[in-house]
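Input: a single structure, listed below in C-alpha cells.
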Amino acid sequence: INCSFQNSVEFSQQVFVHTSGSPSFSSDELEIVEGSILGKHYKVEAFLGEGGFGIVAKCRDTTTNRAVAIKVNKSDPDILQQAHVEIFILEQLRRLDPDAANIVQWNGFFHDGERVCLKFELLDQCLWDYIRDRNKQGLPISEVRPILGQLTNALSHLSSVGIVHADLKPANIMVVNRHESPIKVKLIDFGLACPASAVMPGEFVGTVGYCAPEVMLGLPYNEASDMWSLGLVAVELATGVPLYPSENDYDYLKFIIETQGQPPDHVLDSGVYTEDYFIGD
Ligand code: PIT
C-alpha cells in the first residue's frame, strides 16, 4: 500500500490542497435525501457532514431501529479506490478496542449500487461545533485536560499499530455525548490515514493550519506529525481560536517560522517542496 493515490483524487500534480477545517452539508451530487434507503435497510434521517469523498448521514437501521452514522462514498473510480484503502486502514484498527483507544467504532461496509458505504457508531458533535457553541471563548481547563488525555491515548494506540492519522483537527474529533460528564471524545475520519511504513514524502493532502511543517515541505513524516496537530488542537481548545489561522499554506508556514524559527538548511535541502516556499539560495 502507498498513500500516493490520495493526491490524485482531486489534484493531478503536486499542489498542497486542503480539506475544509469546518464541515458543511449537502448531498446534491449523490442524490440522497432524507428518507432515502441506503443498502437494504438504512433510512437516511439527517446529514452529518460532507467532503470530497461524499457525505456522512445519520441513518436508522430499520431492522434494529438503531441510529448509525454512514459514510457514503461517491462512485467516482478514484474515490472508490480511496474508500478501499480506508477500509484497509479500518481493518488494521480492528486490532484496537475503540472505546479504550478513543477511536470511532467501525461496523463494516456495504454497497449501495456502485457506492461503498462505511458504517460507524453514531457520535454527538465535533469539537469544532463544541467550541463554537461556547462562543469561541475556549473550554475550561477541567474539560481541556481530559480531552487532551484521551487524544494522546488515541495517538498512542494508533502508533502501537503503526498508523498515522494525518488529518487531526477539531472537525475530526467527536464528542460522544455532550451531556455526559466527564466528557468523552473519539477520533474519526481515517480517510487520509496511512501506515507509517508506507508514508510517501510529498504525496499528502492535509488541512492547512493543522498539518506538520515536515509534511508541507515534502519531508519524511510519521506518527510524530499527528502530535504536532494535537498541539494546535490543544491551543484551540484552551483559547477557542486557531493558533495559526491561515488562508493558505504559504502564510501558515510563514507563521510557523516567525514563531518557531526556520528549519535547518540540511533539513530544507531534502524537502520535495522547499523551493515552493523558499526563493533563492
Ligand atoms: C459523524 C458522526 C458520526 C461518525 C462519523 C462522522 C464518522 C466519520 C468517519 C469518517 C471516516 C472514518 C471514520 C469515521 O474513517 O457519528 O459526523 O472516513
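Residue numbering restarts at 1 in every chain; chains get A, B, ... in the order shown in the C-alpha cells, and ligands count up from 1 in that same order.
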How would you write, as a ChimeraX atom specification, the set of residues no farther than 8 Å from ligand 1 when counting only C-alpha atoms and all ligand atoms? /A:48-49,56-58,68-71,86-87,90,104-106,118,120-126,172,174,187-191
Could you save those same residues with N, CA, C and O atoms as a compact mmCIF listing (two decimals), in the first residue's frame?
# COMPACT_ATOMS: atom_id res chain seq x y z
N LEU A 48 -24.80 14.64 8.36
CA LEU A 48 -23.87 14.98 9.45
C LEU A 48 -22.63 15.69 8.94
O LEU A 48 -21.99 16.44 9.67
N GLY A 49 -22.26 15.44 7.70
CA GLY A 49 -21.04 16.04 7.18
C GLY A 49 -20.87 15.78 5.70
O GLY A 49 -21.59 14.98 5.12
N VAL A 56 -21.56 12.09 5.06
CA VAL A 56 -21.85 11.22 6.21
C VAL A 56 -23.28 11.51 6.62
O VAL A 56 -23.67 12.67 6.78
N ALA A 57 -24.10 10.47 6.73
CA ALA A 57 -25.52 10.64 7.07
C ALA A 57 -25.86 9.90 8.35
O ALA A 57 -25.29 8.83 8.64
N LYS A 58 -26.78 10.48 9.10
CA LYS A 58 -27.37 9.74 10.22
C LYS A 58 -28.47 8.86 9.64
O LYS A 58 -29.35 9.37 8.93
N VAL A 68 -27.36 4.97 13.29
CA VAL A 68 -25.94 4.77 12.97
C VAL A 68 -25.46 5.94 12.10
O VAL A 68 -26.28 6.70 11.57
N ALA A 69 -24.14 6.07 11.97
CA ALA A 69 -23.58 7.06 11.03
C ALA A 69 -23.04 6.29 9.83
O ALA A 69 -22.35 5.29 10.00
N ILE A 70 -23.41 6.73 8.63
CA ILE A 70 -22.94 6.05 7.42
C ILE A 70 -22.21 7.03 6.51
O ILE A 70 -22.74 8.09 6.17
N LYS A 71 -20.97 6.67 6.17
CA LYS A 71 -20.19 7.47 5.23
C LYS A 71 -20.45 6.91 3.84
O LYS A 71 -20.10 5.77 3.54
N GLU A 86 -9.13 3.10 2.71
CA GLU A 86 -9.65 3.45 4.03
C GLU A 86 -10.13 2.18 4.75
O GLU A 86 -9.88 2.01 5.96
N ILE A 87 -10.76 1.29 4.03
CA ILE A 87 -11.20 0.02 4.62
C ILE A 87 -9.99 -0.79 5.11
O ILE A 87 -10.02 -1.36 6.19
N LEU A 90 -9.02 0.79 8.32
CA LEU A 90 -10.01 0.48 9.37
C LEU A 90 -9.86 -0.97 9.83
O LEU A 90 -10.08 -1.28 11.00
N VAL A 104 -13.37 6.03 16.79
CA VAL A 104 -14.75 5.68 16.41
C VAL A 104 -14.85 4.18 16.15
O VAL A 104 -13.92 3.56 15.63
N GLN A 105 -15.99 3.60 16.51
CA GLN A 105 -16.20 2.18 16.23
C GLN A 105 -16.68 2.01 14.80
O GLN A 105 -17.64 2.65 14.37
N TRP A 106 -15.99 1.17 14.06
CA TRP A 106 -16.35 0.87 12.67
C TRP A 106 -17.11 -0.45 12.63
O TRP A 106 -16.68 -1.43 13.22
N LEU A 118 -19.62 3.07 4.49
CA LEU A 118 -18.97 2.61 5.71
C LEU A 118 -19.87 2.92 6.90
O LEU A 118 -20.40 4.04 7.00
N PHE A 120 -20.54 3.44 10.92
CA PHE A 120 -19.87 3.81 12.17
C PHE A 120 -20.90 4.00 13.27
O PHE A 120 -22.07 4.27 13.00
N GLU A 121 -20.41 3.92 14.51
CA GLU A 121 -21.29 4.25 15.63
C GLU A 121 -21.70 5.72 15.50
O GLU A 121 -20.94 6.54 14.97
N LEU A 122 -22.87 6.05 16.00
CA LEU A 122 -23.33 7.44 15.95
C LEU A 122 -22.71 8.21 17.12
O LEU A 122 -22.83 7.81 18.27
N LEU A 123 -22.05 9.31 16.79
CA LEU A 123 -21.46 10.15 17.82
C LEU A 123 -22.22 11.47 17.84
O LEU A 123 -23.11 11.69 17.01
N ASP A 124 -21.85 12.36 18.76
CA ASP A 124 -22.72 13.52 19.00
C ASP A 124 -22.36 14.76 18.18
O ASP A 124 -23.13 15.22 17.34
N GLN A 125 -21.17 15.30 18.41
CA GLN A 125 -20.83 16.62 17.85
C GLN A 125 -19.32 16.74 17.73
O GLN A 125 -18.60 16.28 18.61
N CYS A 126 -18.85 17.37 16.66
CA CYS A 126 -17.39 17.51 16.54
C CYS A 126 -16.91 18.65 17.43
O CYS A 126 -17.67 19.54 17.80
N ASN A 172 -12.35 16.63 13.14
CA ASN A 172 -12.21 15.17 13.10
C ASN A 172 -12.13 14.55 14.49
O ASN A 172 -11.66 13.42 14.65
N MET A 174 -14.71 13.86 17.68
CA MET A 174 -16.14 13.92 18.03
C MET A 174 -16.34 13.75 19.54
O MET A 174 -15.70 12.90 20.17
N LEU A 187 -11.68 9.89 17.99
CA LEU A 187 -11.09 10.31 16.71
C LEU A 187 -11.89 9.70 15.57
O LEU A 187 -12.24 8.52 15.62
N ILE A 188 -12.20 10.52 14.56
CA ILE A 188 -12.87 10.00 13.36
C ILE A 188 -12.04 10.33 12.11
O ILE A 188 -11.04 11.05 12.19
N ASP A 189 -12.51 9.86 11.00
CA ASP A 189 -12.00 10.16 9.66
C ASP A 189 -10.59 9.66 9.39
O ASP A 189 -9.62 10.41 9.52
N PHE A 190 -10.51 8.41 9.00
CA PHE A 190 -9.23 7.80 8.63
C PHE A 190 -9.04 7.81 7.11
O PHE A 190 -8.29 7.01 6.56
N GLY A 191 -9.73 8.75 6.46
CA GLY A 191 -9.70 8.85 5.01
C GLY A 191 -8.33 9.26 4.45
O GLY A 191 -8.05 9.05 3.28
Near Pro245 of chain A, counting only C-alpha atoms, which residues have an atom at most 10 Å away, once you skip same-chain residues fewer than 6 positions from it, shown as a tab-separated table (two decimals) with all heavy atoms, in the first residue's frame?
chain	number	residue	atom	x	y	z
A	208	VAL	N	-4.67	22.84	6.02
A	208	VAL	CA	-3.81	23.98	6.33
A	208	VAL	C	-4.17	24.48	7.73
A	208	VAL	O	-5.33	24.47	8.11
A	208	VAL	CB	-3.96	25.10	5.25
A	208	VAL	CG1	-5.26	25.86	5.40
A	208	VAL	CG2	-2.79	26.04	5.28
A	209	GLY	N	-3.16	24.82	8.49
A	209	GLY	CA	-3.43	25.29	9.85
A	209	GLY	C	-3.27	24.20	10.89
A	209	GLY	O	-3.24	24.48	12.09
A	210	TYR	N	-3.18	22.94	10.46
A	210	TYR	CA	-3.02	21.84	11.43
A	210	TYR	C	-1.90	20.88	11.08
A	210	TYR	O	-1.43	20.15	11.92
A	210	TYR	CB	-4.34	21.04	11.58
A	210	TYR	CG	-5.46	21.90	12.12
A	210	TYR	CD1	-6.38	22.49	11.26
A	210	TYR	CD2	-5.57	22.16	13.48
A	210	TYR	CE1	-7.39	23.31	11.74
A	210	TYR	CE2	-6.57	22.98	13.98
A	210	TYR	CZ	-7.48	23.55	13.10
A	210	TYR	OH	-8.46	24.36	13.58
A	251	ASP	N	1.20	31.22	4.00
A	251	ASP	CA	1.02	32.04	5.21
A	251	ASP	C	1.18	31.20	6.47
A	251	ASP	O	1.71	31.67	7.49
A	251	ASP	CB	-0.37	32.69	5.21
A	251	ASP	CG	-0.48	33.79	4.17
A	251	ASP	OD1	0.56	34.15	3.58
A	251	ASP	OD2	-1.61	34.27	3.93
A	252	TYR	N	0.69	29.96	6.39
A	252	TYR	CA	0.78	29.07	7.55
A	252	TYR	C	2.24	28.77	7.89
A	252	TYR	O	2.67	28.88	9.04
A	252	TYR	CB	-0.01	27.79	7.24
A	252	TYR	CG	0.10	26.69	8.27
A	252	TYR	CD1	-0.19	26.91	9.62
A	252	TYR	CD2	0.48	25.39	7.89
A	252	TYR	CE1	-0.10	25.88	10.55
A	252	TYR	CE2	0.56	24.36	8.81
A	252	TYR	CZ	0.27	24.62	10.13
A	252	TYR	OH	0.37	23.59	11.04
A	255	PHE	N	3.93	31.77	9.41
A	255	PHE	CA	3.54	31.85	10.82
A	255	PHE	C	4.42	30.95	11.68
A	255	PHE	O	4.93	31.35	12.73
A	255	PHE	CB	2.10	31.30	10.96
A	255	PHE	CG	1.09	32.30	11.42
A	255	PHE	CD1	-0.17	32.34	10.82
A	255	PHE	CD2	1.35	33.14	12.50
A	255	PHE	CE1	-1.14	33.23	11.26
A	255	PHE	CE2	0.37	34.02	12.94
A	255	PHE	CZ	-0.87	34.06	12.31
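Taking only C-alpha atoms into account, Val233 of chain A lies nearest to A:Trp128 out of the set A:Trp128, A:Phe88, A:Phe47, A:Tyr273.
All residues in segment 132-203 of chain A with a DSSP state of alpha helix (DSSP H), computed from the backbone, read Arg132, Ile141, Ser142, Glu143, Val144, Arg145, Pro146, Ile147, Leu148, Gly149, Gln150, Leu151, Thr152, Asn153, Ala154, Leu155, Ser156, His157, Leu158, Ser159 and Ser160 of chain A.
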Residues within 8 Å of Gly240 of chain A, only C-alpha atoms, excluding chain neighbours under 5 positions, as number ranges by chain: A: 131-132, 135-139, 235
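Reported to one decimal place, the separation of atom CA of Ile163 of chain A from atom CA of Ala196 of chain A is 5.5 Å.
Distances here use only C-alpha atoms; by that measure, the residue among A:Val161, A:Ala198, A:Val85, A:Val185 closest to Leu127 of chain A is A:Val185.
When only C-alpha atoms are used to compute distances to Asp276 of chain A, the closest of the residues A:Leu243, A:Leu232, A:Met216, A:Ala238 turns out to be A:Met216.
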Give the strand (DSSP E) residues of segment 97-224 of chain A, as assigned by DSSP on the backbone, as a PDB file with all heavy atoms, in the first residue's frame.
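Dumped everything to part_37.pdb:
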ATOM      1  N   TRP A 106     -15.991   1.168  14.064  1.00  0.00           N
ATOM      2  CA  TRP A 106     -16.354   0.870  12.670  1.00  0.00           C
ATOM      3  C   TRP A 106     -17.112  -0.451  12.634  1.00  0.00           C
ATOM      4  O   TRP A 106     -16.680  -1.431  13.224  1.00  0.00           O
ATOM      5  CB  TRP A 106     -15.089   0.771  11.806  1.00  0.00           C
ATOM      6  CG  TRP A 106     -15.344   0.418  10.374  1.00  0.00           C
ATOM      7  CD1 TRP A 106     -16.211   1.039   9.523  1.00  0.00           C
ATOM      8  CD2 TRP A 106     -14.718  -0.623   9.609  1.00  0.00           C
ATOM      9  NE1 TRP A 106     -16.156   0.464   8.288  1.00  0.00           N
ATOM     10  CE2 TRP A 106     -15.248  -0.575   8.315  1.00  0.00           C
ATOM     11  CE3 TRP A 106     -13.750  -1.584   9.906  1.00  0.00           C
ATOM     12  CZ2 TRP A 106     -14.847  -1.442   7.304  1.00  0.00           C
ATOM     13  CZ3 TRP A 106     -13.349  -2.451   8.897  1.00  0.00           C
ATOM     14  CH2 TRP A 106     -13.896  -2.377   7.613  1.00  0.00           C
ATOM     15  N   ASN A 107     -18.249  -0.453  11.965  1.00  0.00           N
ATOM     16  CA  ASN A 107     -19.079  -1.664  11.945  1.00  0.00           C
ATOM     17  C   ASN A 107     -19.197  -2.261  10.551  1.00  0.00           C
ATOM     18  O   ASN A 107     -20.239  -2.814  10.195  1.00  0.00           O
ATOM     19  CB  ASN A 107     -20.464  -1.352  12.536  1.00  0.00           C
ATOM     20  CG  ASN A 107     -20.357  -0.990  14.013  1.00  0.00           C
ATOM     21  OD1 ASN A 107     -19.620  -1.629  14.764  1.00  0.00           O
ATOM     22  ND2 ASN A 107     -21.051   0.061  14.429  1.00  0.00           N
ATOM     23  N   GLY A 108     -18.163  -2.108   9.756  1.00  0.00           N
ATOM     24  CA  GLY A 108     -18.140  -2.770   8.443  1.00  0.00           C
ATOM     25  C   GLY A 108     -18.666  -1.879   7.329  1.00  0.00           C
ATOM     26  O   GLY A 108     -18.869  -0.681   7.513  1.00  0.00           O
ATOM     27  N   PHE A 109     -18.850  -2.476   6.161  1.00  0.00           N
ATOM     28  CA  PHE A 109     -19.290  -1.696   4.998  1.00  0.00           C
ATOM     29  C   PHE A 109     -20.317  -2.486   4.194  1.00  0.00           C
ATOM     30  O   PHE A 109     -20.485  -3.684   4.386  1.00  0.00           O
ATOM     31  CB  PHE A 109     -18.098  -1.312   4.118  1.00  0.00           C
ATOM     32  CG  PHE A 109     -17.462  -2.486   3.409  1.00  0.00           C
ATOM     33  CD1 PHE A 109     -17.842  -2.816   2.106  1.00  0.00           C
ATOM     34  CD2 PHE A 109     -16.504  -3.262   4.028  1.00  0.00           C
ATOM     35  CE1 PHE A 109     -17.266  -3.895   1.448  1.00  0.00           C
ATOM     36  CE2 PHE A 109     -15.921  -4.342   3.384  1.00  0.00           C
ATOM     37  CZ  PHE A 109     -16.295  -4.669   2.094  1.00  0.00           C
ATOM     38  N   PHE A 110     -21.013  -1.770   3.315  1.00  0.00           N
ATOM     39  CA  PHE A 110     -21.922  -2.420   2.371  1.00  0.00           C
ATOM     40  C   PHE A 110     -21.933  -1.598   1.097  1.00  0.00           C
ATOM     41  O   PHE A 110     -21.372  -0.492   1.056  1.00  0.00           O
ATOM     42  CB  PHE A 110     -23.334  -2.568   2.973  1.00  0.00           C
ATOM     43  CG  PHE A 110     -24.004  -1.263   3.335  1.00  0.00           C
ATOM     44  CD1 PHE A 110     -24.757  -0.556   2.400  1.00  0.00           C
ATOM     45  CD2 PHE A 110     -23.870  -0.731   4.615  1.00  0.00           C
ATOM     46  CE1 PHE A 110     -25.363   0.652   2.730  1.00  0.00           C
ATOM     47  CE2 PHE A 110     -24.471   0.483   4.952  1.00  0.00           C
ATOM     48  CZ  PHE A 110     -25.220   1.166   4.007  1.00  0.00           C
ATOM     49  N   HIS A 111     -22.528  -2.142   0.064  1.00  0.00           N
ATOM     50  CA  HIS A 111     -22.618  -1.411  -1.192  1.00  0.00           C
ATOM     51  C   HIS A 111     -24.035  -0.886  -1.394  1.00  0.00           C
ATOM     52  O   HIS A 111     -25.004  -1.561  -1.084  1.00  0.00           O
ATOM     53  CB  HIS A 111     -22.231  -2.313  -2.365  1.00  0.00           C
ATOM     54  CG  HIS A 111     -20.769  -2.654  -2.364  1.00  0.00           C
ATOM     55  ND1 HIS A 111     -19.825  -1.849  -2.967  1.00  0.00           N
ATOM     56  CD2 HIS A 111     -20.092  -3.674  -1.805  1.00  0.00           C
ATOM     57  CE1 HIS A 111     -18.635  -2.381  -2.781  1.00  0.00           C
ATOM     58  NE2 HIS A 111     -18.758  -3.490  -2.081  1.00  0.00           N
ATOM     59  N   ASP A 112     -24.117   0.344  -1.869  1.00  0.00           N
ATOM     60  CA  ASP A 112     -25.405   0.899  -2.277  1.00  0.00           C
ATOM     61  C   ASP A 112     -25.240   1.198  -3.763  1.00  0.00           C
ATOM     62  O   ASP A 112     -24.647   2.215  -4.127  1.00  0.00           O
ATOM     63  CB  ASP A 112     -25.714   2.173  -1.483  1.00  0.00           C
ATOM     64  CG  ASP A 112     -27.011   2.822  -1.944  1.00  0.00           C
ATOM     65  OD1 ASP A 112     -28.087   2.292  -1.619  1.00  0.00           O
ATOM     66  OD2 ASP A 112     -26.930   3.840  -2.659  1.00  0.00           O
ATOM     67  N   ARG A 115     -21.865   2.572  -4.940  1.00  0.00           N
ATOM     68  CA  ARG A 115     -21.210   3.321  -3.865  1.00  0.00           C
ATOM     69  C   ARG A 115     -20.830   2.421  -2.701  1.00  0.00           C
ATOM     70  O   ARG A 115     -21.582   1.527  -2.333  1.00  0.00           O
ATOM     71  CB  ARG A 115     -22.148   4.416  -3.356  1.00  0.00           C
ATOM     72  CG  ARG A 115     -22.557   5.359  -4.458  1.00  0.00           C
ATOM     73  CD  ARG A 115     -23.412   6.467  -3.943  1.00  0.00           C
ATOM     74  NE  ARG A 115     -24.742   6.053  -3.580  1.00  0.00           N
ATOM     75  CZ  ARG A 115     -25.834   6.752  -3.881  1.00  0.00           C
ATOM     76  NH1 ARG A 115     -25.738   7.866  -4.556  1.00  0.00           N
ATOM     77  NH2 ARG A 115     -27.001   6.331  -3.503  1.00  0.00           N
ATOM     78  N   VAL A 116     -19.656   2.722  -2.121  1.00  0.00           N
ATOM     79  CA  VAL A 116     -19.230   1.994  -0.928  1.00  0.00           C
ATOM     80  C   VAL A 116     -19.680   2.800   0.294  1.00  0.00           C
ATOM     81  O   VAL A 116     -19.419   4.004   0.380  1.00  0.00           O
ATOM     82  CB  VAL A 116     -17.696   1.829  -0.897  1.00  0.00           C
ATOM     83  CG1 VAL A 116     -17.246   1.174   0.405  1.00  0.00           C
ATOM     84  CG2 VAL A 116     -17.235   0.989  -2.078  1.00  0.00           C
ATOM     85  N   CYS A 117     -20.378   2.145   1.209  1.00  0.00           N
ATOM     86  CA  CYS A 117     -20.872   2.812   2.420  1.00  0.00           C
ATOM     87  C   CYS A 117     -20.210   2.206   3.648  1.00  0.00           C
ATOM     88  O   CYS A 117     -20.226   0.986   3.829  1.00  0.00           O
ATOM     89  CB  CYS A 117     -22.379   2.647   2.537  1.00  0.00           C
ATOM     90  SG  CYS A 117     -23.294   3.324   1.139  1.00  0.00           S
ATOM     91  N   LEU A 118     -19.623   3.065   4.488  1.00  0.00           N
ATOM     92  CA  LEU A 118     -18.966   2.609   5.709  1.00  0.00           C
ATOM     93  C   LEU A 118     -19.871   2.923   6.900  1.00  0.00           C
ATOM     94  O   LEU A 118     -20.400   4.036   7.000  1.00  0.00           O
ATOM     95  CB  LEU A 118     -17.622   3.334   5.889  1.00  0.00           C
ATOM     96  CG  LEU A 118     -16.629   3.231   4.716  1.00  0.00           C
ATOM     97  CD1 LEU A 118     -15.369   4.025   5.027  1.00  0.00           C
ATOM     98  CD2 LEU A 118     -16.281   1.781   4.464  1.00  0.00           C
ATOM     99  N   LYS A 119     -20.011   1.941   7.786  1.00  0.00           N
ATOM    100  CA  LYS A 119     -20.911   2.091   8.941  1.00  0.00           C
ATOM    101  C   LYS A 119     -20.113   2.407  10.198  1.00  0.00           C
ATOM    102  O   LYS A 119     -19.164   1.708  10.510  1.00  0.00           O
ATOM    103  CB  LYS A 119     -21.644   0.769   9.193  1.00  0.00           C
ATOM    104  CG  LYS A 119     -22.868   0.556   8.368  1.00  0.00           C
ATOM    105  CD  LYS A 119     -23.708  -0.561   8.952  1.00  0.00           C
ATOM    106  CE  LYS A 119     -23.083  -1.936   8.760  1.00  0.00           C
ATOM    107  NZ  LYS A 119     -23.871  -2.992   9.444  1.00  0.00           N
ATOM    108  N   PHE A 120     -20.536   3.441  10.923  1.00  0.00           N
ATOM    109  CA  PHE A 120     -19.871   3.814  12.168  1.00  0.00           C
ATOM    110  C   PHE A 120     -20.896   4.002  13.270  1.00  0.00           C
ATOM    111  O   PHE A 120     -22.072   4.272  12.996  1.00  0.00           O
ATOM    112  CB  PHE A 120     -19.102   5.135  12.000  1.00  0.00           C
ATOM    113  CG  PHE A 120     -17.993   5.058  10.991  1.00  0.00           C
ATOM    114  CD1 PHE A 120     -18.165   5.551   9.706  1.00  0.00           C
ATOM    115  CD2 PHE A 120     -16.781   4.480  11.320  1.00  0.00           C
ATOM    116  CE1 PHE A 120     -17.147   5.469   8.773  1.00  0.00           C
ATOM    117  CE2 PHE A 120     -15.754   4.397  10.386  1.00  0.00           C
ATOM    118  CZ  PHE A 120     -15.935   4.887   9.112  1.00  0.00           C
ATOM    119  N   GLN A 125     -21.168  15.299  18.407  1.00  0.00           N
ATOM    120  CA  GLN A 125     -20.834  16.624  17.848  1.00  0.00           C
ATOM    121  C   GLN A 125     -19.319  16.741  17.730  1.00  0.00           C
ATOM    122  O   GLN A 125     -18.602  16.280  18.614  1.00  0.00           O
ATOM    123  CB  GLN A 125     -21.338  17.681  18.848  1.00  0.00           C
ATOM    124  CG  GLN A 125     -21.229  19.098  18.391  1.00  0.00           C
ATOM    125  CD  GLN A 125     -21.737  20.079  19.442  1.00  0.00           C
ATOM    126  OE1 GLN A 125     -21.500  19.912  20.637  1.00  0.00           O
ATOM    127  NE2 GLN A 125     -22.400  21.120  18.987  1.00  0.00           N
ATOM    128  N   CYS A 126     -18.852  17.371  16.664  1.00  0.00           N
ATOM    129  CA  CYS A 126     -17.394  17.506  16.543  1.00  0.00           C
ATOM    130  C   CYS A 126     -16.910  18.654  17.430  1.00  0.00           C
ATOM    131  O   CYS A 126     -17.674  19.540  17.804  1.00  0.00           O
ATOM    132  CB  CYS A 126     -16.956  17.699  15.090  1.00  0.00           C
ATOM    133  SG  CYS A 126     -17.292  19.321  14.412  1.00  0.00           S
ATOM    134  N   ILE A 163      -0.118   3.394  12.587  1.00  0.00           N
ATOM    135  CA  ILE A 163      -0.948   4.209  11.682  1.00  0.00           C
ATOM    136  C   ILE A 163      -0.773   5.695  11.998  1.00  0.00           C
ATOM    137  O   ILE A 163      -0.822   6.103  13.154  1.00  0.00           O
ATOM    138  CB  ILE A 163      -2.449   3.833  11.819  1.00  0.00           C
ATOM    139  CG1 ILE A 163      -2.690   2.351  11.484  1.00  0.00           C
ATOM    140  CG2 ILE A 163      -3.335   4.751  10.977  1.00  0.00           C
ATOM    141  CD1 ILE A 163      -2.638   1.994  10.021  1.00  0.00           C
ATOM    142  N   VAL A 164      -0.603   6.489  10.936  1.00  0.00           N
ATOM    143  CA  VAL A 164      -0.581   7.955  11.058  1.00  0.00           C
ATOM    144  C   VAL A 164      -1.973   8.448  10.638  1.00  0.00           C
ATOM    145  O   VAL A 164      -2.442   8.091   9.560  1.00  0.00           O
ATOM    146  CB  VAL A 164       0.476   8.572  10.107  1.00  0.00           C
ATOM    147  CG1 VAL A 164       0.569  10.074  10.306  1.00  0.00           C
ATOM    148  CG2 VAL A 164       1.841   7.921  10.304  1.00  0.00           C
ATOM    149  N   ILE A 173     -12.559  15.309  15.473  1.00  0.00           N
ATOM    150  CA  ILE A 173     -12.641  14.778  16.837  1.00  0.00           C
ATOM    151  C   ILE A 173     -14.092  14.952  17.279  1.00  0.00           C
ATOM    152  O   ILE A 173     -14.642  16.049  17.183  1.00  0.00           O
ATOM    153  CB  ILE A 173     -11.697  15.549  17.793  1.00  0.00           C
ATOM    154  CG1 ILE A 173     -10.249  15.448  17.299  1.00  0.00           C
ATOM    155  CG2 ILE A 173     -11.833  15.030  19.224  1.00  0.00           C
ATOM    156  CD1 ILE A 173      -9.336  16.520  17.850  1.00  0.00           C
ATOM    157  N   MET A 174     -14.715  13.862  17.682  1.00  0.00           N
ATOM    158  CA  MET A 174     -16.136  13.916  18.035  1.00  0.00           C
ATOM    159  C   MET A 174     -16.337  13.747  19.540  1.00  0.00           C
ATOM    160  O   MET A 174     -15.700  12.902  20.174  1.00  0.00           O
ATOM    161  CB  MET A 174     -16.904  12.795  17.323  1.00  0.00           C
ATOM    162  CG  MET A 174     -16.890  12.852  15.819  1.00  0.00           C
ATOM    163  SD  MET A 174     -17.983  14.094  15.085  1.00  0.00           S
ATOM    164  CE  MET A 174     -19.593  13.468  15.497  1.00  0.00           C
ATOM    165  N   VAL A 175     -17.263  14.534  20.085  1.00  0.00           N
ATOM    166  CA  VAL A 175     -17.734  14.321  21.445  1.00  0.00           C
ATOM    167  C   VAL A 175     -18.748  13.177  21.374  1.00  0.00           C
ATOM    168  O   VAL A 175     -19.625  13.168  20.497  1.00  0.00           O
ATOM    169  CB  VAL A 175     -18.414  15.613  21.965  1.00  0.00           C
ATOM    170  CG1 VAL A 175     -19.055  15.392  23.324  1.00  0.00           C
ATOM    171  CG2 VAL A 175     -17.403  16.753  22.005  1.00  0.00           C
ATOM    172  N   VAL A 185     -14.263  11.871  24.171  1.00  0.00           N
ATOM    173  CA  VAL A 185     -14.073  12.181  22.744  1.00  0.00           C
ATOM    174  C   VAL A 185     -13.496  10.975  22.000  1.00  0.00           C
ATOM    175  O   VAL A 185     -12.877  10.105  22.601  1.00  0.00           O
ATOM    176  CB  VAL A 185     -13.147  13.406  22.530  1.00  0.00           C
ATOM    177  CG1 VAL A 185     -13.784  14.683  23.040  1.00  0.00           C
ATOM    178  CG2 VAL A 185     -11.767  13.185  23.138  1.00  0.00           C
ATOM    179  N   LYS A 186     -13.748  10.965  20.693  1.00  0.00           N
ATOM    180  CA  LYS A 186     -13.202   9.913  19.829  1.00  0.00           C
ATOM    181  C   LYS A 186     -12.702  10.513  18.518  1.00  0.00           C
ATOM    182  O   LYS A 186     -13.279  11.489  18.017  1.00  0.00           O
ATOM    183  CB  LYS A 186     -14.288   8.876  19.526  1.00  0.00           C
ATOM    184  CG  LYS A 186     -14.587   7.960  20.703  1.00  0.00           C
ATOM    185  CD  LYS A 186     -15.498   6.838  20.282  1.00  0.00           C
ATOM    186  CE  LYS A 186     -15.481   5.706  21.299  1.00  0.00           C
ATOM    187  NZ  LYS A 186     -16.031   4.474  20.734  1.00  0.00           N
ATOM    188  N   LEU A 187     -11.682   9.892  17.993  1.00  0.00           N
ATOM    189  CA  LEU A 187     -11.092  10.313  16.714  1.00  0.00           C
ATOM    190  C   LEU A 187     -11.890   9.704  15.570  1.00  0.00           C
ATOM    191  O   LEU A 187     -12.239   8.521  15.618  1.00  0.00           O
ATOM    192  CB  LEU A 187      -9.671   9.759  16.696  1.00  0.00           C
ATOM    193  CG  LEU A 187      -8.562  10.545  16.035  1.00  0.00           C
ATOM    194  CD1 LEU A 187      -8.538  11.961  16.552  1.00  0.00           C
ATOM    195  CD2 LEU A 187      -7.224   9.845  16.338  1.00  0.00           C
ATOM    196  N   CYS A 194      -2.595   6.514   7.006  1.00  0.00           N
ATOM    197  CA  CYS A 194      -1.602   5.772   6.243  1.00  0.00           C
ATOM    198  C   CYS A 194      -0.725   4.975   7.202  1.00  0.00           C
ATOM    199  O   CYS A 194      -0.428   5.468   8.286  1.00  0.00           O
ATOM    200  CB  CYS A 194      -0.776   6.828   5.509  1.00  0.00           C
ATOM    201  SG  CYS A 194       0.351   6.149   4.312  1.00  0.00           S
ATOM    202  N   PRO A 195      -0.321   3.753   6.851  1.00  0.00           N
ATOM    203  CA  PRO A 195       0.666   3.081   7.686  1.00  0.00           C
ATOM    204  C   PRO A 195       1.954   3.911   7.679  1.00  0.00           C
ATOM    205  O   PRO A 195       2.371   4.376   6.609  1.00  0.00           O
ATOM    206  CB  PRO A 195       0.885   1.732   6.983  1.00  0.00           C
ATOM    207  CG  PRO A 195      -0.282   1.557   6.068  1.00  0.00           C
ATOM    208  CD  PRO A 195      -0.702   2.941   5.683  1.00  0.00           C
TER     209      PRO A 195
END
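Between Tyr221 of chain A and the candidates A:Gly52, A:Pro182, A:Gly271, A:Pro242, the tightest atom-to-atom separation, counting only C-alpha atoms, involves A:Gly271.
The interatomic distance for the pair atom CA of Pro170 of chain A and atom CA of Tyr130 of chain A works out to 9.0 Å.
Here atom CA of Tyr277 of chain A stands at a distance of 15.0 Å from atom CA of Ser246 of chain A.
Take the candidates A:Val199, A:Lys184, A:Lys43, A:Ser229 and check each one against Arg145 of chain A using only C-alpha atoms; the shortest distance goes to A:Lys184.
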Please provide the set of residues having any atom within 12 Å of Asp76 of chain A, restricted to only C-alpha atoms, with same-chain residues fewer than 5 positions apart removed, written as a PyMOL selection string. chain A and resi 9-10+29-30+52-54+81-83+114-116
